[in-house]
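Undergrad: The structure follows.
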Amino acid sequence: MKIADIGNSELDFRQTGEARLQEICSRFGLENASYAHIDKHHNVVHGCTTFPAEWVRHYVDNDLVLADPLIRFGATMIAPIDWSVFDNQADYAGLFEAARKLGVGRNGLSIPVINPFGERGLLTVTSNAPRPEWDALITRMLPALRHEAQILHLLALDVIETVFNFPSDSLSGDELGVLKMLASGLIPSVIARQTGHSSRMVEALTASITTKLKSRTIEQAVARAVSTGFLKWSDFFADPVAELVNMESQRLCGGIVRWSGRSHELITFEEGRTVRNLDSFQAVQVADLMKDFNLDAERILEELGCDRDQSVRIRYL
């Protein structure tokens, strides 16, 4: 996996990723901040950061992106993760010790971003405040930081090389309707059924959308549509609701998120991080889980590998 710079964006945010991170640090009194867009399909991390140059050189020269647990677990977590969970893990102690030594910050918090396209992002903020102050700061600023993480995710989706400038009425009604459905995570076959269009027509409308918005992918088209007001960014990001843990392996096996204006969804992890303290997780019957969140029963049983009479451990967020 390699690292690429987010670079400049033509979004209406009118800031590079680094400038936005600097503003976040100034607003909340933080030491540093970074954002990583994790593209597993192309095996690349697009990032921007305010971390000291010495640490960035150390990180890149030693290929630490391959060993960084935040990148590794960034695609397999839904809840913010405090760096303190890695304090007693020998595999990662050296990495975090070096980061603190080279001025990254004493305390850190990484906030995942989840959207329907499957790619993930991770906003990390750090501070040198004493631990009690840091805990209070996290509580106060977390909702705003989640918002910032989502904006930075859009910025990353727009890693562009060309300036775009298109009229706000450039999309037809059919194109805008299809774009909204794509942004909410619906696949073309479902869109065809819901709109009454043929599959070929949906493909044509999708191609027209990406062409008109001068985008290489539908993900980038969504980012640009948000920048012009076609779409609301809050419509297609997920809010974490709960984490699930596999008691046998003591690893996170999945989570439950809620999409804006939509029902809850189960997200499963191939290899979630180890949970060393299970005190915050409670037992719940699978049948109750399905009922409480109106989840598909068969998928729950298949994904979690259990039956209706079993219980799972859950932590509500």
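Going by the structure tokens order, chains are called A, B, ..., each with residues numbered from 1, while ligands are numbered from 1 in the order shown.
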Might you pull out every residue within 12 Å of Lys232 in chain A, with only C-alpha atoms counted and same-chain residues fewer than 5 positions away left off, and present them as an MDAnalysis selection string?
TA: chainID A and resid 150:151 154 179:180 183:184 222:227 237 260
Undergrad: Env of Ile218 in chain A: 12 Å cut, atoms = only C-alpha atoms, seq-sep filter 5 positions within chain, self excluded. Answer as a ChimeraX atom specification.
TA: /A:116-117,157-158,178-185,187-188,203,205-213,223-225
Undergrad: Rank nothing, just name the residue among A:Ala19, A:Leu171, A:Tyr35, A:Arg251 nearest to Asn277 in chain A, using only C-alpha atoms.
TA: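 For Asn277 in chain A, the nearest of the candidates is A:Arg251.
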Undergrad: Which of these residues is nearest to Glu18 in chain A, using only C-alpha atoms: A:Pro240, A:Val284, A:Leu95, A:Leu152?
TA: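 Of the candidates, the smallest distance to Glu18 in chain A is held by A:Leu152.
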Undergrad: Let me make sure I understand: among A:Glu31, A:Asp63, A:Glu54, A:Asp296, which one has the smallest atom-to-atom distance to Asn128 in chain A if we use only C-alpha atoms?
TA: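 That would be A:Glu31, the residue with the smallest distance to Asn128 in chain A.
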Undergrad: Output as CSV one row per residue of range 203-242 of chain A within 10 Å of range 263-270 of chain A: the closest atom pair and its distance in Å to one decimal place, counting only C-alpha atoms, sorted by chain and residue number ascending.
TA:
residue,atom,partner,partner_atom,distance
A:Ala238,CA,A:His264,CA,9.3
A:Asp239,CA,A:His264,CA,9.5
A:Pro240,CA,A:His264,CA,9.7
A:Val241,CA,A:His264,CA,8.6
A:Ala242,CA,A:Leu266,CA,9.5
Undergrad: One number please: CA of Trp259 in chain A to CA of His147 in chain A, in Å, one decimal.
TA: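 Interatomic distance, CA of Trp259 in chain A to CA of His147 in chain A: 14.3 Å.
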Undergrad: Would you kindly return, as an NGL selection string, each protein, DNA or RNA residue with an atom no farther than 10 Å from any atom of Val312 in chain A, considering only C-alpha atoms and excluding same-chain residues fewer than 3 positions away?
TA: :A and (244-247 or 281-286 or 289 or 304 or 306)
